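Each remark here refers to the structure printed beneath this line.
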Amino acid sequence: MNSAYIYDAIRTPRGRAKESGGLYDLLPQGLMAVLFDAVVDRNGIDRNQVDDVILGCVTQAEEQAANIAKTSLLYAGWPTHIPGITINRFCSSGLDAINFAALKVQAGQAGMVLAGGVEMMSRVPMLSDKASVFLDPKMAARCQMLMMGNGADLIASQYGVSREEADCIALLSQQRAARARDEGWFSSIIPVENPVRGIRIERDECIRDSTTLASLAQMPPAFAEPGAKGVDALQLKANSELREIQHIHSAGNSPAMADGAALVLVGNQALGERLGHQPRARICAVASICDDPLTVISGCSAAAQKLMREQGLTADDIDLFELHEAFAATVVKCQRDLGISEDKLNVNGGVIALGHPMGATGAMMAGTLLDELERRGQRRGIVAASGAAGTGTAMLLELC
C-alpha cells in the first residue's frame, strides 16, 4: 500500500457568520477559488494532474447545494475533467475529506488529491437544508438526533463540569487564540479580497479580545428551553445515574458560527518528486467511530481513544493534540478520557474562540496542527473532530 502525505494545508481567515462579517459578500465557490489559486501558486502543481477534489460541507442547500466540490472547480475555471465530490459527516467532514483523499492515494487510485471543506454560515445558515431529523420532534426522537448543545450539557452533567469551569475553558481558548493571531502563528491563512467592500481579510474575525470571566458569566444558558421540552427527559431516561441535566453552556462557551474554507494537498511520494519539494507530513493512521448519539458531540474523544488504542499510543507519545472544542464540556471529556495535559491541547485556542465553519473546521484544524508542530520543532500530533449523532474522526500525523 502506498503512503499518503500532506504537501500543503491552507485556509481562509474565519469570518463572522453575519452580514457584517468580512467574507459575507463572497459566494462559497468564490472562497474555494481563492484557495485553488493559492495552492497552485505555493506548490507549482499542474492543475491538469489533479486526480480528484473532495470537500466537506454540512449544510448542502441553496448556494452550497449541487456538489459544491465540483461546482467550485467549474466556478474557478479549472479543467473540466477533474471530478469532485462533496461529503457530509457533520462537523468532522473536513477531516474526513482528508482521510478519503488519503485512502485514494494509498489504494493507488490517485497521486494528487485536493481535500478540505467550506461552510458559509452567514449565507447558508445551519438547518437551511430543513432536515426533518432535526426539525420534526418525532423523527428526531426516533433517530436520537439532538442539537449539539444539548449533548454538550449531557456531557457536562456526566463529568460534573460546572458553569465556572466551562467559562474558564472558553476564556483560555480566547486568550490562546488572540496570542497566536497577534504573534502570526496561524501561518496557513491565505488572505481574501472582498471586492464588494474593497477590503482584505487577513485575520480571524471571531476572536473576542474583550472576553472576561465576568462577561461570560452574564450569558444565559442556551439549551435549557429545548431541554425542558423533552430533551432532558430523553437523556435522563437513558442515563439513570443522573438526577438532572445541568445546563451550563451559553453562547460564550460554545463554538462561534463562522464562514471559512480550507484546502489540503494530499499525494503519494512521487508527487514530491514532481513538485521538487518534500511533503510536510505523513498521514499515519485514521480512526472513525460513533459514540452515544445522545451525547451528540462526544465522537472526538471516542475516535482519538480508538486511534491511540489501535496504534499502541498514550498521550505521552503525542506532542500536540488539536481536538474539536465542540462546547466547553467536551474539552474536559477529552482531557480526562485521553489523559492530556493542558499544555498539549489546543495550544493556540479552539473553535470556541476561532469559529466553527462546520464543513471546513476539520481541515482547518489539521493545518493549525501542522503549523504549530513545525513552529515548535515537534514531530507527532493528533487532530480529531466530532460530528452530530456521536460521530467522530481522528487522524495521526507525523512531520516528514
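Within each chain, counting starts at residue 1; across the C-alpha cells, chains are named A, B, ... in the order shown, with ligands numbered 1 upward in that order.
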Practice problem: Write out as a PyMOL selection string all residues of region 81-160 of chain A that DSSP puts in alpha helix (DSSP H) for this structure's backbone. | Solution: chain A and resi 93-106+132-135+137-143+148-159
Interface rows for region 145-247 of chain A against region 15-24 of chain A: nearest pair, Å to one decimal, 7 Å, only C-alpha atoms, as JSON lines:
```
{"residue": "A:Asn194", "atom": "CA", "partner": "A:Leu23", "partner_atom": "CA", "distance": 6.8}
{"residue": "A:Ile201", "atom": "CA", "partner": "A:Gly22", "partner_atom": "CA", "distance": 6.4}
{"residue": "A:Asp204", "atom": "CA", "partner": "A:Gly15", "partner_atom": "CA", "distance": 6.2}
{"residue": "A:Glu205", "atom": "CA", "partner": "A:Gly15", "partner_atom": "CA", "distance": 5.2}
{"residue": "A:Cys206", "atom": "CA", "partner": "A:Arg16", "partner_atom": "CA", "distance": 5.6}
```
Quiz item: What's the 12 Å shell around Pro279 (chain A), counting only C-alpha atoms, without same-chain residues fewer than 2 positions away, as a PyMOL selection string?
Solution: chain A and resi 3-9+43+264-277+281-283+370+397-400
Practice problem: Quick one: everything within 6 Å of Gly84 (chain A), counting only C-alpha atoms, minus sequence neighbours fewer than 2 positions away in the same chain. Send it as a count of residues only. | Solution: 5
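Nearest to Ala394 (chain A) of all the residues A:Leu73, A:Ile289, A:Val347, A:Leu369 is A:Ile289, counting only C-alpha atoms.
Counting only C-alpha atoms, Ser254 (chain A) has the following residues at most 10 Å away, ignoring those fewer than 4 positions along the same chain: Met148, Gly149, Ala152, Ala166, Asp167, Ala170, Ala222, His249, Ser250, Glu325, Ala326, Phe327, Ala328, Ala329, Val351, Ile352, Ala353, Gly355 and His356 of chain A.
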Those residues with C-alpha atoms, as an mmCIF file, in the first residue's frame please?
```cif
data_model
loop_
_atom_site.group_PDB
_atom_site.id
_atom_site.type_symbol
_atom_site.label_atom_id
_atom_site.label_comp_id
_atom_site.auth_asym_id
_atom_site.auth_seq_id
_atom_site.Cartn_x
_atom_site.Cartn_y
_atom_site.Cartn_z
ATOM 1 C CA MET A 148 -25.295 19.736 19.709
ATOM 2 C CA GLY A 149 -25.667 21.993 22.745
ATOM 3 C CA ALA A 152 -22.794 19.105 25.494
ATOM 4 C CA ALA A 166 -16.769 25.859 31.291
ATOM 5 C CA ASP A 167 -16.311 29.613 31.236
ATOM 6 C CA ALA A 170 -13.748 29.428 26.966
ATOM 7 C CA ALA A 222 -28.591 28.481 25.657
ATOM 8 C CA HIS A 249 -23.447 26.101 28.028
ATOM 9 C CA SER A 250 -24.025 29.607 26.764
ATOM 10 C CA GLU A 325 -13.754 22.363 21.026
ATOM 11 C CA ALA A 326 -17.330 21.349 20.388
ATOM 12 C CA PHE A 327 -18.534 23.183 23.510
ATOM 13 C CA ALA A 328 -16.515 23.578 26.692
ATOM 14 C CA ALA A 329 -17.549 20.320 28.364
ATOM 15 C CA VAL A 351 -13.309 26.821 17.752
ATOM 16 C CA ILE A 352 -14.939 28.446 20.793
ATOM 17 C CA ALA A 353 -12.692 31.411 20.050
ATOM 18 C CA GLY A 355 -15.080 29.970 14.999
ATOM 19 C CA HIS A 356 -16.588 26.832 13.534
#
```
Quiz item: Looking at only C-alpha atoms, which of A:Gln305, A:Thr86, A:Ser215, A:Ser122 is the one that sits closest to Met257 (chain A)?
Solution: A:Ser122
Practice problem: For Ile207 (chain A), list every protein, DNA or RNA residue within 12 Å, evaluated using only C-alpha atoms, and leave out those in the same chain fewer than 3 positions away; present the list as a PyMOL selection string. | Solution: chain A and resi 13-16+170-182+203-204+210-211+252+255-258+348-356
Quiz prompt | DSSP strand (DSSP E or B) residues within region 148-351 of chain A, listed as a VMD selection string | solution = chain A and resid 189 192 to 194 199 to 201 257 to 267 281 to 290 320 to 323 345
Expected file contents, prior selection, C-alpha atoms, as a short mmCIF file (atom, residue, chain, number, x, y, z; two decimals), in the first residue's frame:
```cif
data_model
loop_
_atom_site.label_atom_id
_atom_site.label_comp_id
_atom_site.auth_asym_id
_atom_site.auth_seq_id
_atom_site.Cartn_x
_atom_site.Cartn_y
_atom_site.Cartn_z
CA ILE A 189 -4.05 31.63 6.43
CA VAL A 192 -9.09 37.02 0.97
CA GLU A 193 -10.11 40.10 -1.01
CA ASN A 194 -13.70 41.28 -0.72
CA ILE A 199 -11.44 45.19 1.99
CA ARG A 200 -8.83 42.49 2.53
CA ILE A 201 -9.50 39.92 5.24
CA MET A 257 -20.56 30.20 13.97
CA ALA A 258 -18.28 31.27 11.14
CA ASP A 259 -17.59 31.44 7.43
CA GLY A 260 -14.48 29.81 6.02
CA ALA A 261 -12.80 27.28 3.76
CA ALA A 262 -9.74 25.03 3.89
CA LEU A 263 -7.72 23.04 1.35
CA VAL A 264 -5.12 20.30 1.86
CA LEU A 265 -2.85 18.92 -0.85
CA VAL A 266 -2.59 15.14 -0.41
CA GLY A 267 -0.41 12.93 -2.59
CA ALA A 281 3.67 15.32 6.97
CA ARG A 282 2.70 11.69 6.58
CA ILE A 283 -0.82 10.53 7.38
CA CYS A 284 -0.02 7.60 9.67
CA ALA A 285 -3.43 6.37 10.78
CA VAL A 286 -7.09 7.36 10.96
CA ALA A 287 -9.99 6.16 13.08
CA SER A 288 -13.70 6.90 12.77
CA ILE A 289 -16.36 5.86 15.24
CA CYS A 290 -19.80 6.71 16.58
CA LEU A 320 0.30 18.10 20.34
CA PHE A 321 -3.43 17.48 20.20
CA GLU A 322 -5.76 19.59 18.07
CA LEU A 323 -9.19 18.48 19.26
CA LEU A 345 -4.19 20.55 23.95
#
```
Exercise. Write out as a list in words the residues lying within 8 Å of Ala304 (chain A), counting only C-alpha atoms and excluding same-chain residues fewer than 5 positions away.
Key: Ala287, Leu338, Ile382, Ala384, Thr393, Ala394 and Met395 of chain A
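When only C-alpha atoms are used to measure the gap to Tyr159 (chain A), the shortest distance among A:Met308, A:Leu114, A:Val331, A:Ile87 belongs to A:Val331.
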